[in-house]
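Student: Structure file data.txt (compact mmCIF, C-alpha atoms and all ligand atoms) right here:
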```txt
# COMPACT_ATOMS: atom_id res chain seq x y z
CA MET L 1 -27.55 -12.24 -7.72
CA VAL L 2 -27.18 -14.32 -10.86
CA ASN L 3 -27.85 -18.05 -10.67
CA ILE L 4 -24.35 -19.24 -9.84
CA LYS L 5 -24.77 -22.67 -11.41
CA ILE L 6 -25.46 -21.73 -15.02
CA PRO L 7 -23.57 -19.59 -17.54
CA PHE L 8 -24.51 -15.93 -17.69
CA THR L 9 -23.64 -12.72 -19.48
CA PHE L 10 -23.65 -9.07 -18.46
CA ASP L 11 -23.02 -5.82 -20.25
CA VAL L 12 -20.77 -2.85 -19.58
CA ILE L 13 -22.95 0.27 -19.53
CA GLN L 14 -21.23 2.95 -21.59
CA GLY L 15 -22.45 5.89 -19.54
CA ASP L 16 -20.66 8.49 -17.53
CA PRO L 17 -19.90 6.97 -15.13
CA MET L 18 -19.70 3.52 -16.69
CA GLY L 19 -21.44 0.64 -14.96
CA LEU L 20 -22.56 -2.98 -15.23
CA SER L 21 -26.00 -4.23 -16.28
CA GLN L 22 -26.00 -6.50 -13.22
CA TYR L 23 -23.88 -6.81 -10.11
CA ASP L 24 -24.13 -7.92 -6.49
CA SER L 25 -22.22 -5.20 -4.69
CA HIS L 26 -21.23 -1.61 -5.34
CA ILE L 27 -18.41 -0.46 -3.07
CA THR L 28 -17.41 3.20 -2.81
CA ARG L 29 -14.26 4.64 -1.25
CA ARG L 30 -14.22 8.28 -0.31
CA LEU L 31 -11.27 10.37 0.83
CA SER L 32 -12.09 9.62 4.48
CA ALA L 33 -11.41 5.92 3.82
CA MET L 34 -7.86 6.74 2.67
CA LYS L 35 -6.49 8.38 5.81
CA GLY L 36 -2.71 7.96 5.99
CA MET L 37 -2.40 6.72 2.43
CA TYR L 38 -1.39 9.99 0.75
CA LEU L 39 2.05 11.47 1.34
CA ASP L 40 0.92 15.10 1.67
CA GLU L 41 -0.97 15.04 4.96
CA HIS L 42 -1.64 18.79 4.87
CA ALA L 43 -3.26 18.55 1.45
CA PHE L 44 -5.27 15.57 2.68
CA ALA L 45 -6.49 17.50 5.75
CA ALA L 46 -7.32 20.61 3.70
CA LEU L 47 -9.39 18.59 1.24
CA ALA L 48 -11.05 16.58 4.00
CA ALA L 49 -12.03 19.81 5.78
CA THR L 50 -14.06 20.99 2.80
CA SER L 51 -15.53 17.79 1.37
CA ASP L 52 -15.26 14.03 1.28
CA PRO L 53 -14.87 13.34 -2.44
CA LEU L 54 -15.50 9.95 -4.01
CA LEU L 55 -12.10 8.67 -5.12
CA TYR L 56 -13.09 5.31 -6.56
CA GLU L 57 -15.84 2.75 -6.72
CA PHE L 58 -16.20 -0.82 -7.93
CA TYR L 59 -18.95 -3.21 -8.88
CA GLU L 60 -18.57 -6.90 -8.11
CA ILE L 61 -20.39 -9.97 -9.24
CA SER L 62 -20.34 -12.44 -6.34
CA ARG L 63 -18.91 -15.88 -6.82
CA PRO L 64 -18.19 -18.55 -4.20
CA ALA L 65 -14.80 -17.86 -2.58
CA VAL L 66 -13.31 -21.16 -3.67
CA THR L 67 -10.56 -22.41 -5.96
CA GLY L 68 -11.83 -22.74 -9.50
CA GLU L 69 -14.18 -19.75 -9.33
CA LEU L 70 -13.29 -16.33 -10.78
CA LEU L 71 -14.36 -13.13 -9.06
CA HIS L 72 -14.90 -10.25 -11.45
CA GLY L 73 -16.28 -6.80 -11.85
CA LEU L 74 -15.66 -3.22 -12.90
CA SER L 75 -13.56 -0.55 -11.14
CA ILE L 76 -13.75 3.19 -11.65
CA VAL L 77 -11.05 5.53 -10.33
CA HIS L 78 -12.18 9.13 -10.61
CA PRO L 79 -9.85 11.97 -11.67
CA GLY L 80 -8.27 14.23 -9.08
CA LYS L 81 -5.30 14.71 -6.79
CA VAL L 82 -4.47 14.97 -3.12
CA GLY L 83 -1.65 17.50 -3.23
CA ASP L 84 0.44 16.30 -6.21
CA GLU L 85 -0.58 12.66 -5.83
CA TYR L 86 -3.25 11.32 -8.14
CA TYR L 87 -6.42 9.63 -6.93
CA MET L 88 -5.69 5.92 -6.55
CA THR L 89 -7.01 2.73 -5.02
CA LYS L 90 -5.74 1.55 -1.62
CA GLY L 91 -3.98 -1.36 -3.23
CA HIS L 92 -3.44 -4.80 -1.78
CA PHE L 93 -1.71 -8.14 -1.87
CA HIS L 94 -3.97 -11.13 -2.23
CA THR L 95 -4.33 -13.05 1.03
CA ILE L 96 -3.38 -16.16 -0.89
CA LEU L 97 -0.23 -14.59 -2.26
CA GLU L 98 0.10 -17.07 -5.11
CA THR L 99 -2.98 -15.77 -6.93
CA ALA L 100 -2.86 -13.58 -10.04
CA GLU L 101 -5.24 -10.98 -11.46
CA PHE L 102 -6.20 -9.90 -14.96
CA TYR L 103 -7.26 -6.37 -15.90
CA TYR L 104 -8.73 -4.93 -19.08
CA CYS L 105 -8.87 -1.15 -19.38
CA LEU L 106 -11.95 0.35 -20.98
CA ARG L 107 -11.59 4.09 -20.48
CA GLY L 108 -9.15 6.74 -19.29
CA GLN L 109 -5.42 6.97 -18.64
CA GLY L 110 -3.56 5.59 -15.68
CA VAL L 111 -0.98 3.25 -14.29
CA MET L 112 -0.85 0.14 -12.17
CA VAL L 113 1.77 0.33 -9.43
CA MET L 114 2.94 -3.10 -8.32
CA GLU L 115 5.45 -4.65 -5.96
CA THR L 116 6.41 -7.98 -4.46
CA PRO L 117 6.84 -8.68 -0.72
CA GLU L 118 10.60 -8.44 -1.32
CA GLY L 119 10.24 -4.89 -2.69
CA VAL L 120 10.73 -5.53 -6.40
CA TRP L 121 8.53 -2.94 -8.13
CA ALA L 122 6.91 -2.31 -11.52
CA VAL L 123 4.63 0.32 -13.02
CA GLU L 124 2.62 -0.38 -16.18
CA SER L 125 0.44 2.07 -18.06
CA LEU L 126 -3.29 1.55 -18.54
CA GLN L 127 -5.22 2.89 -21.50
CA PRO L 128 -8.35 1.81 -23.36
CA ASN L 129 -8.16 -1.70 -24.83
CA ARG L 130 -4.96 -2.53 -22.97
CA ALA L 131 -4.86 -5.70 -20.88
CA LEU L 132 -2.64 -6.14 -17.84
CA TYR L 133 -1.63 -9.33 -16.13
CA VAL L 134 -0.61 -9.09 -12.48
CA PRO L 135 1.30 -12.27 -11.64
CA PRO L 136 0.98 -14.10 -8.32
CA ARG L 137 2.76 -12.36 -5.39
CA TRP L 138 2.46 -8.79 -6.75
CA ALA L 139 0.52 -6.16 -4.78
CA HIS L 140 -1.38 -3.80 -7.10
CA ARG L 141 -2.76 -0.27 -6.96
CA SER L 142 -4.44 1.57 -9.83
CA VAL L 143 -3.83 5.30 -10.29
CA ASN L 144 -5.80 7.70 -12.48
CA THR L 145 -3.25 9.99 -14.17
CA GLY L 146 -5.73 11.41 -16.67
CA SER L 147 -7.20 14.85 -16.42
CA GLY L 148 -10.95 15.02 -16.06
CA GLN L 149 -11.77 11.46 -17.12
CA ASP L 150 -12.50 8.30 -15.15
CA LEU L 151 -10.08 5.39 -15.31
CA VAL L 152 -12.25 2.30 -15.84
CA PHE L 153 -11.27 -1.35 -16.06
CA LEU L 154 -12.61 -4.85 -15.75
CA PHE L 155 -10.87 -7.18 -13.29
CA VAL L 156 -10.84 -10.97 -12.85
CA TYR L 157 -9.12 -12.95 -10.10
CA PRO L 158 -9.42 -16.32 -8.33
CA GLY L 159 -12.41 -16.73 -6.05
CA ASN L 160 -10.29 -17.79 -3.08
CA ALA L 161 -7.68 -14.97 -3.40
CA GLY L 162 -8.85 -12.60 -0.61
CA HIS L 163 -7.39 -9.14 0.06
CA ASP L 164 -4.49 -8.27 2.34
CA TYR L 165 -4.15 -4.51 2.93
CA GLY L 166 -1.76 -4.91 5.89
CA SER L 167 1.66 -3.53 4.92
CA ILE L 168 0.15 -1.22 2.29
CA GLU L 169 -1.98 0.54 4.90
CA VAL L 170 1.06 1.02 7.12
CA GLN L 171 3.59 2.38 4.64
CA GLY L 172 2.11 2.39 1.16
CA PHE L 173 3.87 1.24 -1.99
CA ARG L 174 7.56 1.70 -2.68
CA LYS L 175 6.75 4.10 -5.54
CA LEU L 176 4.27 7.00 -5.67
CA VAL L 177 2.77 8.59 -8.78
CA VAL L 178 2.65 12.39 -8.65
CA GLU L 179 2.12 15.21 -11.11
CA ARG L 180 5.24 17.21 -12.01
CA ASN L 181 5.06 19.98 -14.63
CA GLY L 182 1.67 18.70 -15.70
CA LYS L 183 2.85 15.12 -16.25
CA PRO L 184 2.83 11.94 -14.17
CA GLU L 185 6.12 11.06 -12.56
CA ILE L 186 7.14 8.05 -10.48
CA ILE L 187 8.95 8.96 -7.27
CA ASP L 188 10.26 7.10 -4.24
CA ASN L 189 7.93 6.86 -1.26
CA PRO L 190 9.99 8.24 1.65
CA ARG L 191 7.89 6.28 4.16
CA TRP L 192 8.60 2.92 2.54
CA LEU L 193 10.98 0.60 4.38
CA SER L 194 12.60 -2.45 2.86
CA PRO L 195 11.42 -5.74 4.41
CA LYS L 196 14.64 -6.14 6.43
CA ASP L 197 14.19 -2.68 8.04
CA ARG L 198 10.60 -3.26 9.14
CA SER L 199 9.96 -4.14 12.76
C1 LIG Y 1 -9.58 -6.96 -6.59
C2 LIG Y 1 -9.20 -5.95 -7.63
C3 LIG Y 1 -10.09 -4.71 -7.67
C4 LIG Y 1 -9.88 -3.83 -6.47
C5 LIG Y 1 -10.55 -2.50 -6.61
C6 LIG Y 1 -10.37 -1.66 -5.36
O1 LIG Y 1 -8.62 -7.93 -6.36
O2 LIG Y 1 -7.84 -5.62 -7.54
O3 LIG Y 1 -11.40 -5.06 -7.67
O4 LIG Y 1 -10.37 -4.44 -5.33
O5 LIG Y 1 -10.02 -1.84 -7.73
O6 LIG Y 1 -9.06 -1.63 -4.91
P1 LIG Y 1 -8.73 -1.89 -3.39
O7 LIG Y 1 -7.25 -1.88 -3.33
O8 LIG Y 1 -9.37 -0.81 -2.59
O9 LIG Y 1 -9.32 -3.23 -3.07
ZN ZN Y 2 -6.48 -7.64 -6.46
```
Show me the file's structure as structure tokens.
Ligand code: S6P
Ligand code: ZN

Tutor:
Amino acid sequence: MVNIKIPFTFDVIQGDPMGLSQYDSHITRRLSAMKGMYLDEHAFAALAATSDPLLYEFYEISRPAVTGELLHGLSIVHPGKVGDEYYMTKGHFHTILETAEFYYCLRGQGVMVMETPEGVWAVESLQPNRALYVPPRWAHRSVNTGSGQDLVFLFVYPGNAGHDYGSIEVQGFRKLVVERNGKPEIIDNPRWLSPKDRS
């Protein structure tokens, strides 16, 4: 771990996959960690029966989980699909809802799917050298819509934000990103219920 009391630098390693010159944790999420998160359960089961592919991974530099600190690191979403649905992160709200996040895309093609607790939604595209600001209150999920290339981005968010996967794990986001005729398309998630219809 870096000395948390003095300024420091680190470098993005331009390899394949990309990486960081220093980090405190490297978290990997395989298909088996995403049970129930893809719409096509048959495709999920068929893929799970043959392998447990790595869908995404992220490197974090630890900072104290307090107001004033900024947690940061590098995320890599690998290319692939479960049925028609592209590989994606789980996605989450921040536990402290009123905390934002900043992203800077370094490689690949993708989108960020976002929504508020009230069900207002937005999808923004990610491509190299594009920055994205996720305002407070918006859940966020990154999706790799590219073919054959990693989607890679840097992220920065408040140290005290925390992660709330609750409603996302139950019903996902309001919108899904699937491939149709070789192109990404945004469709309604049939399992999504508006807040007033949830029990
Ligand atoms: C953290 C930030 C990213 C994600 C990472 C994995 O606030 O949004 O570091 O944690 O991309 O996504 P998830 O949804 O599995 O935490
Ligand atoms: Zn986040």

Student: Within 12 Å of range 169-187 of chain L, which residues of range 51-127 of chain L come that close, and what is the closest atom pair and distance in Å for each? Count only C-alpha atoms and give it as a tab-separated table.

Tutor:
```
residue	atom	partner	partner_atom	distance
L:Gly80	CA	L:Glu179	CA	10.6
L:Lys81	CA	L:Val178	CA	8.5
L:Val82	CA	L:Val178	CA	9.4
L:Gly83	CA	L:Val178	CA	8.6
L:Asp84	CA	L:Val178	CA	5.1
L:Glu85	CA	L:Val178	CA	4.3
L:Tyr86	CA	L:Val178	CA	6.0
L:Tyr87	CA	L:Val177	CA	9.4
L:Met88	CA	L:Val177	CA	9.1
L:Thr89	CA	L:Gly172	CA	11.0
L:Lys90	CA	L:Glu169	CA	7.6
L:Gly91	CA	L:Phe173	CA	8.4
L:His92	CA	L:Glu169	CA	8.7
L:Phe93	CA	L:Phe173	CA	10.9
L:Gln109	CA	L:Pro184	CA	10.6
L:Gly110	CA	L:Pro184	CA	9.1
L:Val111	CA	L:Val177	CA	8.5
L:Met112	CA	L:Val177	CA	9.8
L:Val113	CA	L:Lys175	CA	7.4
L:Met114	CA	L:Phe173	CA	7.7
L:Glu115	CA	L:Phe173	CA	7.3
L:Thr116	CA	L:Phe173	CA	9.9
L:Pro117	CA	L:Phe173	CA	10.4
L:Glu118	CA	L:Arg174	CA	10.7
L:Gly119	CA	L:Arg174	CA	7.1
L:Val120	CA	L:Arg174	CA	8.7
L:Trp121	CA	L:Arg174	CA	7.2
L:Ala122	CA	L:Lys175	CA	8.8
L:Val123	CA	L:Ile186	CA	8.5
L:Glu124	CA	L:Ile186	CA	11.1
L:Ser125	CA	L:Pro184	CA	10.9
```

Student: If I take CA of Asn160 in chain L and CA of Ser32 in chain L, how far is one from the other in Å, to one decimal?

Tutor: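 These atoms are spaced 28.5 Å apart.
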
Student: Where does chain L meet ligand LIG 1 (chain Y) within 8 Å, residue by residue, with the nearest atom pair and distance in Å to one decimal for each, counting only C-alpha atoms and all ligand atoms, listed by chain and rising number, as a tab-separated table?

Tutor:
```
residue	atom	partner	partner_atom	distance
L:Arg29	CA	Y:LIG1	O8	7.4
L:Tyr56	CA	Y:LIG1	C6	7.6
L:Glu57	CA	Y:LIG1	C6	7.2
L:Phe58	CA	Y:LIG1	C5	6.0
L:Tyr59	CA	Y:LIG1	O3	7.9
L:Glu60	CA	Y:LIG1	O3	7.4
L:His72	CA	Y:LIG1	O3	7.3
L:Gly73	CA	Y:LIG1	O3	6.7
L:Leu74	CA	Y:LIG1	O3	7.0
L:Ser75	CA	Y:LIG1	O5	5.1
L:Ile76	CA	Y:LIG1	O5	7.4
L:Val77	CA	Y:LIG1	O5	7.9
L:Thr89	CA	Y:LIG1	O6	4.8
L:Lys90	CA	Y:LIG1	O7	4.1
L:Gly91	CA	Y:LIG1	O7	3.3
L:His92	CA	Y:LIG1	O7	5.0
L:His94	CA	Y:LIG1	O1	7.0
L:Glu101	CA	Y:LIG1	O1	6.8
L:His140	CA	Y:LIG1	O2	6.7
L:Arg141	CA	Y:LIG1	O7	6.0
L:Ser142	CA	Y:LIG1	O5	6.9
L:Phe155	CA	Y:LIG1	C2	6.0
L:Val156	CA	Y:LIG1	C2	7.4
L:Tyr157	CA	Y:LIG1	O1	6.3
L:Ala161	CA	Y:LIG1	O1	7.7
L:Gly162	CA	Y:LIG1	O1	7.4
L:His163	CA	Y:LIG1	O1	6.6
L:Tyr165	CA	Y:LIG1	O7	7.5
```

Student: As an exercise, work out the distance from CA of Ile27 in chain L to CA of Glu41 in chain L in Å and give it to one decimal place.

Tutor: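 Atom-to-atom, CA of Ile27 in chain L and CA of Glu41 in chain L are spaced 24.7 Å apart.
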
Student: Might I get the box with edges along x, y and z of the file that holds all atoms of range 87-101 of chain L listed there, padded by 5 Å on every side, given as centre and edge lengths in Å to one decimal, as JSON?

Tutor:
```
{"center_x": -3.5, "center_y": -3.7, "center_z": -5.2, "size_x": 17.1, "size_y": 36.7, "size_z": 22.5}
```

Student: Which residue is closest to ligand ZN 2 (chain Y)? Choose from L:Arg137, L:His26, L:Lys196, L:Arg191 and count all atoms listed in the file.

Tutor: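 With all atoms listed in the file as the atom set, the closest residue is L:Arg137.
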
Student: Quick one, how far is CA of Leu132 in chain L from CA of Leu54 in chain L?

Tutor: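 Interatomic distance here is 24.8 Å.
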
Student: Which residues are close to Gly146 in chain L, i.e. within 8 Å by all atoms listed in the file, leaving aside same-chain residues fewer than 2 positions away? Reply as a list in words.

Tutor: Pro79, Gly108, Gln109, Gly110, Asn144, Gly148, Gln149, Asp150 and Leu151 of chain L

Student: Kindly indicate which residue among L:Tyr38, L:Trp138, L:Phe10, L:Tyr104 lies nearest to ligand ZN 2 (chain Y), using all atoms listed in the file for the distances.

Tutor: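 Selected residue with least distance to ligand ZN 2 (chain Y): L:Trp138.
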
Student: Rebuild range 126-144 of chain L so that it carries N, CA and C atoms, then output the result as a compact mmCIF listing (two decimals), in the coordinates of the input.

Tutor:
```txt
# COMPACT_ATOMS: atom_id res chain seq x y z
N LEU L 126 -1.96 2.04 -18.18
CA LEU L 126 -3.29 1.55 -18.54
C LEU L 126 -3.92 2.54 -19.49
N GLN L 127 -4.49 2.05 -20.55
CA GLN L 127 -5.22 2.89 -21.50
C GLN L 127 -6.26 2.01 -22.17
N PRO L 128 -7.24 2.62 -22.82
CA PRO L 128 -8.35 1.81 -23.36
C PRO L 128 -7.86 0.69 -24.28
N ASN L 129 -8.45 -0.47 -24.07
CA ASN L 129 -8.16 -1.70 -24.83
C ASN L 129 -6.81 -2.32 -24.50
N ARG L 130 -6.20 -1.89 -23.41
CA ARG L 130 -4.96 -2.53 -22.97
C ARG L 130 -5.28 -3.50 -21.83
N ALA L 131 -4.70 -4.69 -21.93
CA ALA L 131 -4.86 -5.70 -20.88
C ALA L 131 -3.61 -5.71 -20.01
N LEU L 132 -3.78 -6.08 -18.78
CA LEU L 132 -2.64 -6.14 -17.84
C LEU L 132 -2.75 -7.42 -17.04
N TYR L 133 -1.67 -8.13 -16.95
CA TYR L 133 -1.63 -9.33 -16.13
C TYR L 133 -0.77 -9.05 -14.90
N VAL L 134 -1.35 -9.22 -13.73
CA VAL L 134 -0.61 -9.09 -12.48
C VAL L 134 -0.29 -10.49 -12.00
N PRO L 135 0.98 -10.88 -12.02
CA PRO L 135 1.30 -12.27 -11.64
C PRO L 135 1.07 -12.51 -10.15
N PRO L 136 1.04 -13.79 -9.74
CA PRO L 136 0.98 -14.10 -8.32
C PRO L 136 2.09 -13.38 -7.56
N ARG L 137 1.82 -12.98 -6.33
CA ARG L 137 2.76 -12.36 -5.39
C ARG L 137 2.90 -10.85 -5.54
N TRP L 138 2.27 -10.24 -6.54
CA TRP L 138 2.46 -8.79 -6.75
C TRP L 138 1.27 -8.01 -6.19
N ALA L 139 1.54 -7.11 -5.24
CA ALA L 139 0.52 -6.16 -4.78
C ALA L 139 0.23 -5.21 -5.93
N HIS L 140 -0.99 -4.65 -5.96
CA HIS L 140 -1.38 -3.80 -7.10
C HIS L 140 -2.27 -2.66 -6.64
N ARG L 141 -2.01 -1.50 -7.25
CA ARG L 141 -2.76 -0.27 -6.96
C ARG L 141 -2.96 0.46 -8.28
N SER L 142 -4.20 0.83 -8.59
CA SER L 142 -4.44 1.57 -9.83
C SER L 142 -4.53 3.07 -9.54
N VAL L 143 -3.96 3.85 -10.46
CA VAL L 143 -3.83 5.30 -10.29
C VAL L 143 -4.38 5.98 -11.53
N ASN L 144 -5.26 6.95 -11.35
CA ASN L 144 -5.80 7.70 -12.48
C ASN L 144 -4.92 8.91 -12.76
```
